[in-house]
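Asks: The structure file run.txt (compact mmCIF, C-alpha atoms and all ligand atoms) is provided below.
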# COMPACT_ATOMS: atom_id res chain seq x y z
CA MET A 91 72.83 104.44 108.00
CA LEU A 92 74.21 105.37 104.60
CA ASP A 93 71.55 106.07 101.98
CA ILE A 94 72.47 104.20 98.80
CA ARG A 95 70.93 104.52 95.36
CA TYR A 96 70.88 101.38 93.21
CA GLU A 97 71.22 101.40 89.47
CA LEU A 98 71.74 97.75 88.64
CA SER A 99 73.00 96.30 85.39
CA SER A 100 70.52 94.41 83.23
CA LYS A 101 73.27 92.46 81.48
CA LEU A 102 75.47 90.46 83.83
CA LYS A 103 78.84 89.08 82.77
CA ASP A 104 79.65 85.36 82.84
CA LYS A 105 81.42 84.33 86.02
CA PRO A 106 84.87 82.77 85.56
CA LYS A 107 84.39 79.05 84.89
CA ASP A 108 87.70 77.69 86.10
CA GLU A 109 88.57 79.25 89.46
CA SER A 110 91.96 77.56 89.46
CA LYS A 111 92.95 79.80 86.54
CA LEU A 112 91.97 83.07 88.18
CA GLY A 113 94.87 85.47 88.09
CA PHE A 114 95.08 88.61 90.15
CA GLY A 115 93.40 91.90 89.38
CA ASN A 116 92.32 91.40 85.80
CA ILE A 117 88.62 90.45 86.02
CA PHE A 118 86.04 92.83 87.47
CA THR A 119 82.50 92.26 88.71
CA ASP A 120 79.28 93.78 87.36
CA HIS A 121 78.97 96.75 89.73
CA ILE A 122 80.93 99.35 91.64
CA PHE A 123 80.18 101.48 94.68
CA ILE A 124 80.80 105.17 94.16
CA MET A 125 80.23 108.45 96.02
CA ASN A 126 81.22 112.06 95.48
CA TYR A 127 82.78 114.72 97.65
CA ASP A 128 82.44 118.44 97.14
CA THR A 129 83.84 121.02 99.51
CA GLY A 130 80.96 122.44 101.52
CA LYS A 131 78.75 119.44 100.84
CA GLY A 132 80.87 116.54 102.10
CA TRP A 133 80.53 112.96 100.85
CA HIS A 134 77.23 112.40 99.11
CA ASP A 135 75.31 110.56 96.40
CA ALA A 136 76.40 107.06 97.42
CA ARG A 137 75.34 104.66 94.69
CA ILE A 138 75.88 101.21 93.25
CA VAL A 139 76.11 101.35 89.48
CA PRO A 140 77.26 99.07 86.64
CA PHE A 141 81.03 98.64 86.25
CA GLY A 142 82.18 100.79 83.36
CA ASP A 143 84.47 103.58 82.28
CA ILE A 144 84.20 106.78 84.28
CA SER A 145 84.47 110.16 82.66
CA LEU A 146 87.01 112.65 83.93
CA SER A 147 88.23 115.97 82.64
CA PRO A 148 91.67 115.62 81.02
CA ALA A 149 92.59 118.33 83.50
CA ALA A 150 91.42 116.24 86.50
CA MET A 151 93.89 116.90 89.28
CA CYS A 152 94.60 113.25 90.11
CA LEU A 153 95.98 112.76 86.60
CA HIS A 154 98.56 115.50 87.00
CA TYR A 155 99.69 115.52 90.60
CA GLY A 156 98.71 112.11 91.87
CA GLN A 157 96.41 113.04 94.74
CA GLU A 158 95.09 109.52 95.25
CA ILE A 159 94.87 106.88 97.96
CA PHE A 160 93.73 103.28 97.95
CA GLU A 161 93.07 100.23 100.10
CA GLY A 162 93.13 96.48 99.51
CA LEU A 163 91.25 93.72 101.30
CA LYS A 164 89.43 90.51 100.46
CA ALA A 165 86.11 88.72 100.89
CA TYR A 166 86.38 85.00 101.58
CA ARG A 167 83.80 82.23 101.14
CA THR A 168 83.71 79.64 103.90
CA LYS A 169 82.89 75.93 103.46
CA ASP A 170 79.23 76.51 104.38
CA GLY A 171 78.96 79.13 101.64
CA SER A 172 78.87 82.20 103.87
CA ILE A 173 81.03 85.22 103.07
CA GLN A 174 83.36 87.00 105.46
CA LEU A 175 85.89 89.82 105.63
CA PHE A 176 89.17 90.05 107.55
CA ARG A 177 89.52 93.13 109.79
CA PRO A 178 87.85 95.52 107.29
CA ASP A 179 87.59 98.25 109.93
CA GLU A 180 91.40 98.39 109.92
CA ASN A 181 91.40 99.17 106.19
CA PHE A 182 89.05 102.13 106.49
CA LYS A 183 90.93 103.38 109.53
CA ARG A 184 94.17 103.26 107.51
CA MET A 185 92.38 104.93 104.59
CA ASN A 186 91.85 107.96 106.79
CA VAL A 187 95.51 107.97 107.80
CA SER A 188 96.42 108.00 104.10
CA ASN A 189 93.78 110.70 103.46
CA GLU A 190 95.27 112.88 106.16
CA ARG A 191 98.74 112.65 104.61
CA MET A 192 97.49 113.34 101.08
CA VAL A 193 95.16 116.20 102.17
CA ILE A 194 92.11 114.25 101.03
CA PRO A 195 88.96 114.74 103.16
CA GLN A 196 88.27 112.15 105.84
CA VAL A 197 85.68 109.48 105.13
CA ASN A 198 83.12 108.13 107.57
CA GLU A 199 84.59 104.68 108.19
CA GLN A 200 81.24 103.11 109.02
CA ASP A 201 79.67 104.53 105.83
CA CYS A 202 82.50 103.01 103.79
CA LEU A 203 81.95 99.65 105.44
CA ASP A 204 78.17 99.92 104.86
CA GLY A 205 78.81 100.79 101.22
CA LEU A 206 81.14 97.81 100.86
CA MET A 207 78.60 95.47 102.50
CA ALA A 208 75.87 96.73 100.16
CA LEU A 209 78.09 96.19 97.11
CA LEU A 210 79.04 92.70 98.30
CA ASN A 211 75.35 91.84 98.73
CA VAL A 212 74.82 92.69 95.06
CA GLU A 213 78.00 90.87 93.94
CA LYS A 214 77.84 87.85 96.30
CA ASP A 215 77.97 85.30 93.51
CA TRP A 216 81.34 86.65 92.41
CA VAL A 217 83.05 85.49 95.61
CA PRO A 218 84.96 82.38 94.46
CA HIS A 219 84.07 78.98 95.87
CA THR A 220 87.51 77.32 95.95
CA GLU A 221 89.78 77.65 98.95
CA GLY A 222 92.71 79.95 98.17
CA ALA A 223 90.65 82.05 95.78
CA SER A 224 88.88 85.17 97.04
CA LEU A 225 87.24 88.41 95.96
CA TYR A 226 89.79 91.21 96.05
CA ILE A 227 88.33 94.55 97.14
CA ARG A 228 89.90 97.80 96.00
CA PRO A 229 88.50 101.00 97.52
CA PHE A 230 90.20 104.19 96.32
CA ILE A 231 89.80 107.96 96.19
CA ILE A 232 90.85 110.31 93.38
CA SER A 233 90.75 114.09 93.07
CA THR A 234 88.72 115.25 90.09
CA ASP A 235 88.75 119.07 89.91
CA PRO A 236 89.53 120.20 86.35
CA TYR A 237 92.47 122.37 87.34
CA VAL A 238 96.10 122.33 86.34
CA GLY A 239 97.57 123.88 89.44
CA VAL A 240 98.99 122.47 92.64
CA ARG A 241 96.67 122.56 95.64
CA PRO A 242 94.45 120.06 97.44
CA ALA A 243 91.31 119.46 95.38
CA ASP A 244 87.70 120.38 96.22
CA HIS A 245 86.11 117.43 94.42
CA TYR A 246 86.75 113.73 94.86
CA LEU A 247 85.38 110.33 93.93
CA PHE A 248 85.41 107.38 96.33
CA ILE A 249 85.05 104.13 94.40
CA ILE A 250 85.10 100.42 95.29
CA ILE A 251 85.84 97.89 92.57
CA LEU A 252 85.86 94.11 93.07
CA SER A 253 88.00 91.49 91.38
CA PRO A 254 87.77 87.69 91.81
CA SER A 255 91.32 86.49 92.32
CA GLY A 256 93.32 83.31 92.63
CA ALA A 257 96.63 82.92 94.41
CA TYR A 258 98.68 86.12 94.10
CA TYR A 259 101.95 84.57 93.09
CA SER A 260 102.11 82.33 90.06
CA THR A 261 104.54 80.18 92.00
CA GLY A 262 101.97 79.64 94.77
CA LEU A 263 103.40 79.13 98.22
CA ASN A 264 106.78 78.35 96.73
CA PRO A 265 109.41 80.75 98.00
CA VAL A 266 109.92 83.97 96.03
CA LYS A 267 113.19 85.43 94.82
CA ILE A 268 113.85 88.89 96.16
CA TYR A 269 116.35 91.49 95.03
CA VAL A 270 117.69 94.02 97.54
CA GLU A 271 117.60 97.42 95.86
CA SER A 272 120.63 99.51 96.71
CA ARG A 273 120.37 102.23 94.08
CA TYR A 274 116.80 103.52 94.08
CA VAL A 275 114.68 104.25 97.13
CA ARG A 276 110.93 103.96 97.75
CA ALA A 277 110.30 106.26 100.67
CA VAL A 278 111.93 108.60 103.14
CA ARG A 279 110.92 109.64 106.62
CA GLY A 280 108.65 112.65 106.35
CA GLY A 281 107.48 111.39 102.96
CA THR A 282 104.49 109.22 102.08
CA GLY A 283 105.81 105.71 102.74
CA PHE A 284 103.23 105.00 105.45
CA ALA A 285 100.33 106.11 103.25
CA LYS A 286 98.72 103.79 100.73
CA THR A 287 99.06 106.12 97.77
CA ALA A 288 99.80 105.62 94.09
CA ALA A 289 102.97 107.72 94.27
CA ASN A 290 104.72 105.05 96.36
CA TYR A 291 104.17 102.57 93.55
CA ALA A 292 105.10 104.91 90.70
CA ILE A 293 108.43 105.56 92.38
CA SER A 294 109.08 101.84 92.83
CA LEU A 295 108.54 100.71 89.22
CA LYS A 296 112.12 101.33 88.19
CA GLY A 297 113.55 99.08 90.90
CA GLN A 298 110.89 96.47 90.19
CA ASP A 299 111.85 96.54 86.50
CA GLU A 300 115.52 96.09 87.40
CA ALA A 301 114.66 93.10 89.61
CA HIS A 302 112.59 91.49 86.85
CA LYS A 303 115.46 91.88 84.37
CA GLN A 304 117.64 89.89 86.75
CA ASP A 305 114.91 87.25 87.14
CA TYR A 306 113.87 88.34 90.63
CA GLU A 307 110.18 88.68 91.48
CA GLN A 308 110.15 91.49 94.02
CA VAL A 309 112.29 94.25 95.43
CA LEU A 310 113.36 94.61 99.05
CA TRP A 311 113.68 98.32 99.78
CA LEU A 312 116.27 99.80 102.09
CA ASP A 313 115.81 103.06 103.99
CA GLY A 314 115.95 106.19 101.87
CA VAL A 315 118.63 107.98 103.86
CA GLU A 316 121.53 105.56 104.39
CA GLN A 317 120.28 102.61 102.34
CA LYS A 318 121.29 100.51 105.26
CA TYR A 319 118.14 99.46 107.08
CA VAL A 320 115.57 97.08 105.68
CA GLU A 321 112.13 98.60 105.08
CA GLU A 322 109.73 96.41 103.09
CA VAL A 323 109.07 94.50 99.88
CA GLY A 324 107.04 95.94 96.96
CA SER A 325 103.59 95.36 98.42
CA MET A 326 104.49 93.33 101.50
CA ASN A 327 106.06 93.87 104.88
CA ILE A 328 109.10 91.75 105.66
CA PHE A 329 109.96 89.43 108.54
CA PHE A 330 113.16 87.60 109.46
CA VAL A 331 113.48 84.64 111.78
CA ILE A 332 116.95 84.96 113.27
CA ASP A 333 118.09 82.33 115.72
CA GLY A 334 114.49 81.52 116.63
CA LYS A 335 113.51 85.17 117.19
CA ILE A 336 111.17 87.03 114.86
CA VAL A 337 112.36 90.44 113.70
CA THR A 338 110.48 92.95 111.53
CA PRO A 339 111.31 96.57 110.70
CA ALA A 340 109.66 99.08 113.04
CA LEU A 341 107.05 101.45 111.60
CA THR A 342 109.27 104.49 111.31
CA GLY A 343 107.09 106.45 108.87
CA SER A 344 108.52 105.15 105.62
CA VAL A 345 107.04 101.66 105.99
CA LEU A 346 103.43 100.83 105.17
CA PRO A 347 101.66 99.58 108.33
CA GLY A 348 100.30 96.32 106.93
CA ILE A 349 97.26 94.74 108.52
CA THR A 350 98.71 91.31 107.72
CA ARG A 351 101.94 92.44 109.41
CA LYS A 352 100.05 93.53 112.52
CA SER A 353 98.06 90.27 112.55
CA ALA A 354 101.15 88.11 112.02
CA ILE A 355 102.84 89.80 115.00
CA GLU A 356 99.79 89.07 117.16
CA VAL A 357 99.67 85.43 116.06
CA CYS A 358 103.41 84.94 116.71
CA LYS A 359 103.19 86.51 120.17
CA LYS A 360 100.17 84.37 121.05
CA ARG A 361 102.08 81.26 119.93
CA GLY A 362 104.91 82.18 122.30
CA TYR A 363 107.46 83.56 119.85
CA GLU A 364 109.59 86.52 120.73
CA VAL A 365 108.87 89.34 118.23
CA GLU A 366 111.05 92.40 117.85
CA GLU A 367 109.89 95.47 115.93
CA ARG A 368 113.07 97.45 115.39
CA ARG A 369 115.48 98.76 112.82
CA ILE A 370 117.37 95.93 111.16
CA SER A 371 120.22 96.53 108.75
CA ILE A 372 120.84 94.47 105.65
CA GLU A 373 124.33 93.80 107.06
CA GLU A 374 122.76 92.22 110.13
CA VAL A 375 120.66 89.99 107.86
CA ALA A 376 123.74 89.01 105.83
CA LYS A 377 125.72 88.31 109.00
CA ALA A 378 122.95 86.14 110.41
CA TYR A 379 122.99 84.27 107.11
CA ASP A 380 126.77 83.76 107.25
CA ASP A 381 126.50 82.57 110.84
CA GLY A 382 123.81 80.06 109.85
CA LYS A 383 121.24 81.86 111.98
CA LEU A 384 118.92 83.21 109.29
CA ASP A 385 116.22 80.57 109.70
CA GLU A 386 113.44 82.12 107.62
CA VAL A 387 112.47 85.22 105.68
CA PHE A 388 108.88 85.95 104.67
CA GLY A 389 106.67 88.74 103.42
CA THR A 390 103.16 89.58 104.64
CA GLY A 391 100.35 91.26 102.73
CA THR A 392 96.67 90.88 101.92
CA ALA A 393 97.30 89.64 98.40
CA ALA A 394 99.70 86.79 99.20
CA VAL A 395 99.04 86.51 102.98
CA ILE A 396 102.43 84.92 103.80
CA SER A 397 105.06 84.68 101.13
CA PRO A 398 108.23 82.77 102.03
CA VAL A 399 111.45 84.18 100.56
CA GLY A 400 113.81 81.57 99.12
CA HIS A 401 116.49 83.79 97.62
CA LEU A 402 117.72 87.18 98.67
CA LYS A 403 120.23 88.95 96.42
CA TRP A 404 122.13 91.88 97.91
CA ASN A 405 124.73 93.24 95.47
CA ASP A 406 126.87 90.19 94.67
CA LYS A 407 125.74 88.17 97.64
CA ILE A 408 123.04 85.56 97.05
CA MET A 409 121.45 84.11 100.16
CA THR A 410 119.47 80.88 99.85
CA ILE A 411 117.13 80.72 102.79
CA ASN A 412 115.99 77.52 104.48
CA ASP A 413 117.05 75.50 101.42
CA ASN A 414 114.53 77.49 99.33
CA LYS A 415 111.70 75.79 101.23
CA ILE A 416 108.92 77.20 103.39
CA GLY A 417 109.94 77.21 107.06
CA PRO A 418 107.92 76.33 110.18
CA VAL A 419 107.07 79.90 111.25
CA SER A 420 105.94 80.87 107.73
CA GLN A 421 103.88 77.68 107.50
CA MET A 422 102.31 78.20 110.94
CA LEU A 423 101.37 81.78 110.04
CA TYR A 424 100.04 80.81 106.64
CA ASP A 425 97.90 78.03 108.11
CA THR A 426 96.60 80.21 110.94
CA MET A 427 95.82 83.30 108.87
CA THR A 428 94.29 81.53 105.88
CA GLY A 429 92.47 79.15 108.25
CA ILE A 430 90.83 82.13 109.96
CA GLN A 431 90.15 83.90 106.65
CA TRP A 432 88.47 80.90 104.99
CA GLY A 433 86.83 79.83 108.23
CA THR A 434 88.44 76.40 108.51
CA ILE A 435 89.76 77.08 112.03
CA PRO A 436 88.18 79.03 114.90
CA ASP A 437 88.81 82.79 114.91
CA GLU A 438 90.42 83.07 118.33
CA PHE A 439 91.33 86.73 117.69
CA GLY A 440 87.89 88.05 116.73
CA TRP A 441 89.14 89.31 113.36
CA VAL A 442 86.46 87.99 111.06
CA VAL A 443 83.46 90.13 110.10
CA PRO A 444 80.62 88.24 108.40
CA LEU A 445 78.84 89.79 105.42
CA THR A 446 75.72 91.51 106.71
CA GLU A 447 72.48 91.36 104.79
CA VAL A 448 71.63 94.68 103.14
CA ARG A 449 68.24 95.21 101.49
CA GLU A 450 68.21 97.18 98.26
C1 LIG B 501 99.24 97.33 101.17
C2 LIG B 501 100.70 97.26 101.36
C3 LIG B 501 101.30 96.34 102.24
C4 LIG B 501 100.54 95.24 102.95
O1 LIG B 501 99.49 95.69 103.74
P1 LIG B 501 98.33 94.69 104.16
O2 LIG B 501 97.40 95.53 104.93
O3 LIG B 501 98.93 93.62 104.96
O4 LIG B 501 97.74 94.17 102.90
C5 LIG B 501 102.67 96.41 102.42
N1 LIG B 501 103.42 97.32 101.77
C6 LIG B 501 102.88 98.20 100.91
C7 LIG B 501 103.75 99.18 100.23
C8 LIG B 501 101.51 98.21 100.67
O5 LIG B 501 100.98 99.08 99.81
Before we go any further, please render this structure as structure tokens.

Replies:
Amino acid sequence: MLDIRYELSSKLKDKPKDESKLGFGNIFTDHIFIMNYDTGKGWHDARIVPFGDISLSPAAMCLHYGQEIFEGLKAYRTKDGSIQLFRPDENFKRMNVSNERMVIPQVNEQDCLDGLMALLNVEKDWVPHTEGASLYIRPFIISTDPYVGVRPADHYLFIIILSPSGAYYSTGLNPVKIYVESRYVRAVRGGTGFAKTAANYAISLKGQDEAHKQDYEQVLWLDGVEQKYVEEVGSMNIFFVIDGKIVTPALTGSVLPGITRKSAIEVCKKRGYEVEERRISIEEVAKAYDDGKLDEVFGTGTAAVISPVGHLKWNDKIMTINDNKIGPVSQMLYDTMTGIQWGTIPDEFGWVVPLTEVRE
């Protein structure tokens, strides 16, 4: 069992009064979980301390060469007031996959989960009470050695911050407008696309900016070699329903293996849909659209869960999908996943992990 030191804040912040006005990622709770890593010593000094600025050397390696990884998951409050997580073990498993790629030391997945549970016990009251709102959890690791040279670091910080959040998209479950990026790329095979690392986001800002200028909300990335095959959306995996069949890009190394993606595939298979994980070109999508066979397009990710796509713009071609309305597969997935997450339907998959009591 992880030994945790508590240094609790004596001055707590006011909780947000109107949960319907919660945005995403801009309010933080009173405490964080933090632990250090030093080569030779391993991870140590796990503690829960007040939320506040951290001090870093201006030469800290993460600031110069981006050796960083992160995760994202949520805590949900059920109708009876209890708090639960959705497949948190998958997040810490993926964290170690990202660590491996970024030459960051492995974490003990159970210790991370224990640390998260302990932090959630302290911050329980921050988990929103309205359905649709949740407590977003952001664990991350940064390299901290004061050294301006390129090598894997010897010192790291593992931190978890918490942020009460409303619906991710301002438009709610209304379909989003997506712009197919055919100039810039996000990832290449052999690169870091499958790792949850800051670099993948830094590289995508330019395309995102371009999409926003054209009044599109998100970017759909094509493969980095031929710019032919569909990969994923900014922070979501992408699915197409073509002629009744569900198609999603295979995990070829440049696509982030989303836990929502994996769960959506399992739900669809269990509901009797045919699901294909394979390479799919943007031409195939456009052809399906022209043939009247592109039934639905949707994104999957922790933040938005299921996000129907209403418009897809690829060069000069604008595809309006399912009359810009949410389709039956997207709706079924949304209802099933959010139902399990907020505990309004039985968890037939065994995905939910209740908050365990941790004594300080
Ligand atoms: C986190 C992330 C996703 C979605 O993963 P989930 O585990 O479903 O939240 C998809 N794409 C990218 C680039 C991501 O960083």

Asks: Enumerate, as a list of chain:residue names, the protein, DNA and RNA residues whose atoms approach (107.0, 102.6, 90.3) to within 12 Å, taking into account all atoms listed in the file and the coordinate frame of the file.

Replies: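 Output of the proximity query reads A:Tyr274, A:Val275, A:Arg276, A:Ala277, A:Thr287, A:Ala288, A:Ala289, A:Asn290, A:Tyr291, A:Ala292, A:Ile293, A:Ser294, A:Leu295, A:Lys296, A:Gly297, A:Gln298, A:Asp299, A:Glu300, A:Val309, A:Gly324, A:Ser325.
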
Asks: Nearest to Met151 in chain A: which of A:Val193, A:Ala223, A:Ala243, A:Val139 is it, counting all atoms listed in the file?

Replies: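 Nearest candidate to Met151 in chain A out of A:Val193, A:Ala223, A:Ala243, A:Val139: A:Ala243.
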
Asks: Around ligand LIG 501 (chain B), out to 6 Å and counting all atoms listed in the file, which residues are there? I want them as a PyMOL selection string.

Replies: chain A and resi 286+324-327+346+348-351+390-392

Asks: Restricting the output to C-alpha atoms, write the selected residues as a JSON list (two decimals), in the frame of the given file.

Replies:
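Ended up saving to selection.json:
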[["chain", "number", "residue", "atom", "x", "y", "z"],
["A", 286, "LYS", "CA", 98.72, 103.79, 100.73],
["A", 324, "GLY", "CA", 107.04, 95.94, 96.96],
["A", 325, "SER", "CA", 103.59, 95.36, 98.42],
["A", 326, "MET", "CA", 104.49, 93.33, 101.50],
["A", 327, "ASN", "CA", 106.06, 93.87, 104.88],
["A", 346, "LEU", "CA", 103.43, 100.83, 105.17],
["A", 348, "GLY", "CA", 100.30, 96.32, 106.93],
["A", 349, "ILE", "CA", 97.26, 94.74, 108.52],
["A", 350, "THR", "CA", 98.71, 91.31, 107.72],
["A", 351, "ARG", "CA", 101.94, 92.44, 109.41],
["A", 390, "THR", "CA", 103.16, 89.58, 104.64],
["A", 391, "GLY", "CA", 100.35, 91.26, 102.73],
["A", 392, "THR", "CA", 96.67, 90.88, 101.92]]

Asks: If I take CA of Phe160 in chain A and CA of Gly440 in chain A, how far is one from the other in Å, to one decimal?

Replies: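 If I compute the distance from CA of Phe160 in chain A to CA of Gly440 in chain A, I get 24.9 Å.
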
Asks: Find the spatial neighbours of Gly222 in chain A, counting all atoms listed in the file, within a cut-off of 10 Å - ignore same-chain residues fewer than 3 positions away - and output them as a list in words.

Replies: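 Once the nearby chain positions are removed, what remains is Glu109, Ser110, Tyr166, Arg167, Pro218, His219, Ser255, Gly256, Ala257, Tyr258, Gly262, Ala394, Thr428, Gln431 and Trp432 of chain A.
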
Asks: I need the residue nearest Ser99 in chain A from this list: A:Glu221, A:Glu158, A:Asp201, A:Glu213. Use only C-alpha atoms for the distance.

Replies: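 Among A:Glu221, A:Glu158, A:Asp201, A:Glu213, it is A:Glu213 that comes nearest to Ser99 in chain A.
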
Asks: At a cut-off of 12 Å, using all atoms listed in the file, what residues contact Cys202 in chain A? Leave out same-chain residues fewer than 3 positions from it and give the result as a VMD selection string.

Replies: chain A and resid 91 to 94 123 to 125 133 to 134 136 to 137 161 178 to 183 185 to 186 196 to 199 205 to 209 228 to 231 248 to 250

Asks: Rounded to one decimal, what separation in Å do you get between CA of His245 in chain A and CA of Gly156 in chain A?

Replies: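 Going from CA of His245 in chain A over to CA of Gly156 in chain A covers 13.9 Å.
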
Asks: Mind giving me the straight-line distance from CA of Val238 in chain A to CA of Asn189 in chain A in Å, one decimal?

Replies: 20.8 Å

Asks: Counting all atoms listed in the file, what are the residues of range 390-428 of chain A within 9 Å of range 371-384 of chain A, and for each of them which pair of atoms is the nearest and at what distance in Å, to one decimal? Sort the table by chain and rising number, as a Markdown table.

Replies:
| residue | atom | partner | partner_atom | distance |
| --- | --- | --- | --- | --- |
| A:Trp404 | CA | A:Ile372 | CA | 8.3 |
| A:Lys407 | CA | A:Ala376 | CA | 8.5 |
| A:Met409 | CA | A:Tyr379 | CA | 7.1 |
| A:Thr410 | CA | A:Tyr379 | CA | 8.8 |
| A:Ile411 | CA | A:Leu384 | CA | 7.2 |
| A:Asn412 | CA | A:Leu384 | CA | 8.0 |

Asks: Kindly list the centre and edge lengths in Å, rounded to one decimal, for the axis-aligned box that covers all listed atoms of range 120-135 of chain A plus 4 Å on each of its six sides, as JSON.

Replies:
{"center_x": 79.6, "center_y": 108.1, "center_z": 94.7, "size_x": 16.5, "size_y": 36.7, "size_z": 22.7}

Asks: Give as a list in words each residue that has an atom at most 7 Å from (79.3, 87.9, 101.6) in the file, counting all atoms listed in the file.

Replies: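 Selection result: Ala165, Ser172, Ile173, Gln174, Leu210, Asn211, Lys214, Pro444 and Leu445 of chain A.
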
Asks: Show which residues sit within 8 Å of Ser147 in chain A, as a list in words. Count only C-alpha atoms, and ignore same-chain residues fewer than 4 positions away.

Replies: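 Neighbouring residues, sequence-local ones excluded: Thr234, Asp235 and Pro236 of chain A.
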
Asks: Which residue gives the smallest distance to Pro265 in chain A among A:Met427, A:Ile416, A:Leu102, A:Leu252, with only C-alpha atoms counted?

Replies: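 Going through A:Met427, A:Ile416, A:Leu102, A:Leu252 one by one, the smallest distance to Pro265 in chain A is for A:Ile416.
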
Asks: Rank nothing, just name the residue among A:Asn264, A:Thr220, A:Thr282, A:Gln308 nearest to Thr168 in chain A, using all atoms listed in the file.

Replies: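 Among the listed residues, the smallest separation from Thr168 in chain A belongs to A:Thr220.
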
Asks: Rank nothing, just name the residue among A:Ser224, A:Ser397, A:Gln304, A:Ser272 nearest to Glu321 in chain A, using all atoms listed in the file.

Replies: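 Closest to Glu321 in chain A of all the choices is A:Ser272.
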
Asks: I'd like the contact shell of Glu386 in chain A - 10 Å cut-off, all atoms listed in the file, skipping same-chain residues fewer than 2 positions apart - returned as a ChimeraX atom specification.

Replies: /A:329-334,336,379,383-384,388,398-400,410-420

Asks: With the input short on atoms, add all heavy atoms back to range 130-135 of chain A and write it as a compact mmCIF listing (two decimals), in the frame of the given file.

Replies:
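result34.txt, written as the output of this step:
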# COMPACT_ATOMS: atom_id res chain seq x y z
N GLY A 130 82.18 121.78 101.10
CA GLY A 130 80.96 122.44 101.52
C GLY A 130 79.79 121.47 101.63
O GLY A 130 78.86 121.69 102.40
N LYS A 131 79.86 120.39 100.86
CA LYS A 131 78.75 119.44 100.84
C LYS A 131 79.12 118.10 101.51
O LYS A 131 78.26 117.37 101.96
CB LYS A 131 78.37 119.20 99.38
CG LYS A 131 76.97 118.68 99.17
CD LYS A 131 76.56 118.76 97.70
CE LYS A 131 75.20 118.11 97.50
NZ LYS A 131 74.86 117.96 96.09
N GLY A 132 80.43 117.81 101.53
CA GLY A 132 80.87 116.54 102.10
C GLY A 132 80.64 115.39 101.14
O GLY A 132 80.37 115.59 99.95
N TRP A 133 80.77 114.17 101.67
CA TRP A 133 80.53 112.96 100.85
C TRP A 133 79.05 112.81 100.62
O TRP A 133 78.25 112.93 101.56
CB TRP A 133 81.10 111.73 101.56
CG TRP A 133 82.60 111.73 101.61
CD1 TRP A 133 83.39 112.01 102.69
CD2 TRP A 133 83.48 111.47 100.51
NE1 TRP A 133 84.71 111.93 102.34
CE2 TRP A 133 84.81 111.59 101.00
CE3 TRP A 133 83.31 111.13 99.16
CZ2 TRP A 133 85.94 111.40 100.21
CZ3 TRP A 133 84.43 110.95 98.36
CH2 TRP A 133 85.72 111.08 98.88
N HIS A 134 78.66 112.51 99.42
CA HIS A 134 77.23 112.40 99.11
C HIS A 134 77.01 111.56 97.86
O HIS A 134 77.95 111.21 97.15
CB HIS A 134 76.64 113.80 98.93
CG HIS A 134 77.24 114.55 97.78
ND1 HIS A 134 76.72 114.53 96.51
CD2 HIS A 134 78.37 115.31 97.69
CE1 HIS A 134 77.48 115.25 95.70
NE2 HIS A 134 78.49 115.73 96.39
N ASP A 135 75.74 111.30 97.59
CA ASP A 135 75.31 110.56 96.40
C ASP A 135 75.97 109.17 96.31
O ASP A 135 76.52 108.79 95.27
CB ASP A 135 75.59 111.38 95.12
CG ASP A 135 74.76 110.88 93.93
OD1 ASP A 135 73.80 110.10 94.17
OD2 ASP A 135 75.08 111.22 92.78
